[in-house]
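Reading through the structure tokens given below for one structure.
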Amino acid sequence: MTSSTMGRQDQDEAEALDEITEQSSPPAIDSFRQRVFHVVAAIPYGQVTTYGDIARLIGSPRAARQVGGVLKRLPEGSTLPWYRVINRHGEISLVGEDYLRQKNALLAEGVEITPAGRIDLQQYRWQYQ
């Protein structure tokens, strides 16, 4: 067996062990995912925040993309106001049907979106304490 084959085998074993541990361990109450849900649930009606703002609030300032990943995997019919989360440029990051769903939900709450697709963060950004 070559050293690269052994390295791959060790990696495969480590990944399998991680999966077994995740399946047999109860989920952490204060998981990253749960912290994201908690913050998103607190965003007030008619206001928005960014993926980066959420990452900073939950103590993971470099995890903006992971916040997006958590929100992308929400179950169908979730009541969490995921649509109040936009990118740092004040734009909706989604495309197609999802873009329209988010845009319409924000418009229904009175959030103005320019013809260029921007939201004024000075006006609509959630000022959390």
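Labels for the structure tokens follow display order: chains A, B, ..., residues from 1 in each chain, ligands from 1.
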What are the closest atom pairs, with distances in Å to one decimal, for all residues of stretch 62-86 of chain A lying within 12 Å of stretch 90-103 of chain A? Consider only C-alpha atoms, order rows by chain and residue number, and present the result as a Markdown table.
| residue | atom | partner | partner_atom | distance |
| --- | --- | --- | --- | --- |
| A:Arg65 | CA | A:Ser93 | CA | 11.2 |
| A:Gly68 | CA | A:Ser93 | CA | 9.4 |
| A:Gly69 | CA | A:Leu94 | CA | 12.0 |
| A:Leu71 | CA | A:Leu94 | CA | 11.4 |
| A:Lys72 | CA | A:Leu94 | CA | 9.7 |
| A:Pro81 | CA | A:Gln102 | CA | 9.7 |
| A:Trp82 | CA | A:Gln102 | CA | 8.4 |
| A:Tyr83 | CA | A:Gln102 | CA | 5.0 |
| A:Arg84 | CA | A:Gln102 | CA | 7.9 |
| A:Val85 | CA | A:Ile92 | CA | 8.1 |
| A:Ile86 | CA | A:Ile92 | CA | 5.2 |
(message) Set the distance at 12 Å and use only C-alpha atoms: which residues neighbour A:Phe32 once local chain neighbours fewer than 6 positions away are removed? I'd like the list as number ranges by chain.
(response) A: 38-39, 54-60, 63-64, 66-67, 69-71
Can you spit out the residues from that selection as a CSV table (one decimal), in the first residue's frame, using N, CA and C atoms?
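And here is the file that came out, again-v4.csv:
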chain,number,residue,atom,x,y,z
A,38,HIS,N,-32.3,31.3,15.5
A,38,HIS,CA,-32.6,32.2,16.6
A,38,HIS,C,-32.5,33.6,16.1
A,39,VAL,N,-31.4,34.0,15.4
A,39,VAL,CA,-31.2,35.4,15.0
A,39,VAL,C,-32.2,35.7,13.9
A,54,ILE,N,-25.5,38.3,10.5
A,54,ILE,CA,-25.9,37.1,11.3
A,54,ILE,C,-24.7,36.3,11.7
A,55,ALA,N,-23.8,36.1,10.8
A,55,ALA,CA,-22.5,35.4,11.2
A,55,ALA,C,-21.8,36.1,12.4
A,56,ARG,N,-21.7,37.4,12.3
A,56,ARG,CA,-21.1,38.2,13.4
A,56,ARG,C,-21.9,38.0,14.7
A,57,LEU,N,-23.2,38.1,14.6
A,57,LEU,CA,-24.1,38.0,15.8
A,57,LEU,C,-24.0,36.7,16.5
A,58,ILE,N,-23.7,35.6,15.8
A,58,ILE,CA,-23.7,34.3,16.4
A,58,ILE,C,-22.2,33.9,16.7
A,59,GLY,N,-21.3,34.8,16.6
A,59,GLY,CA,-19.9,34.6,17.0
A,59,GLY,C,-19.1,33.9,16.0
A,60,SER,N,-19.5,33.9,14.7
A,60,SER,CA,-18.7,33.3,13.6
A,60,SER,C,-18.5,34.3,12.5
A,63,ALA,N,-18.3,33.4,8.7
A,63,ALA,CA,-19.2,32.3,8.2
A,63,ALA,C,-20.5,32.8,7.5
A,64,ALA,N,-20.4,33.9,6.8
A,64,ALA,CA,-21.5,34.4,6.0
A,64,ALA,C,-22.1,33.3,5.0
A,66,GLN,N,-21.8,30.1,5.2
A,66,GLN,CA,-22.5,29.0,5.9
A,66,GLN,C,-23.9,29.4,6.4
A,67,VAL,N,-24.0,30.7,6.7
A,67,VAL,CA,-25.4,31.2,7.1
A,67,VAL,C,-26.3,31.0,5.9
A,69,GLY,N,-26.0,28.8,3.5
A,69,GLY,CA,-26.2,27.4,3.4
A,69,GLY,C,-27.3,26.8,4.3
A,70,VAL,N,-27.3,27.3,5.6
A,70,VAL,CA,-28.3,26.9,6.5
A,70,VAL,C,-29.7,27.3,6.0
A,71,LEU,N,-29.8,28.6,5.6
A,71,LEU,CA,-31.1,29.1,5.1
A,71,LEU,C,-31.5,28.4,3.9
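Interatomic distance, atom CA of A:Gln123 against atom CA of A:Ala42: 17.9 Å.
When only C-alpha atoms are used to measure the gap to A:Ile43, the shortest distance among A:Leu80, A:Leu74, A:Ala105, A:Leu121 belongs to A:Leu80.
Between atom CA of A:Ala108 and atom CA of A:Pro75 lies a distance of 21.8 Å.
Between atom CA of A:Asp120 and atom CA of A:Gly46 there is a distance of 12.2 Å.
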(request) Step one, run DSSP on the backbone; step two, keep only residues of stretch 21-128 of chain A assigned to alpha helix (DSSP H); then write them as a PyMOL selection string. (result) chain A and resi 21-24+32-42+51-57+64-72+96-108+121-124
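For the residues A:Tyr128, A:Gly117, A:Ser31, A:Ala41, ranking by smallest atom-to-atom distance to A:Thr79 using only C-alpha atoms places A:Ala41 first.
For the residues A:Arg62, A:Gly77, A:Gly110, A:Arg118, ranking by smallest atom-to-atom distance to A:Gln47 using only C-alpha atoms places A:Gly110 first.
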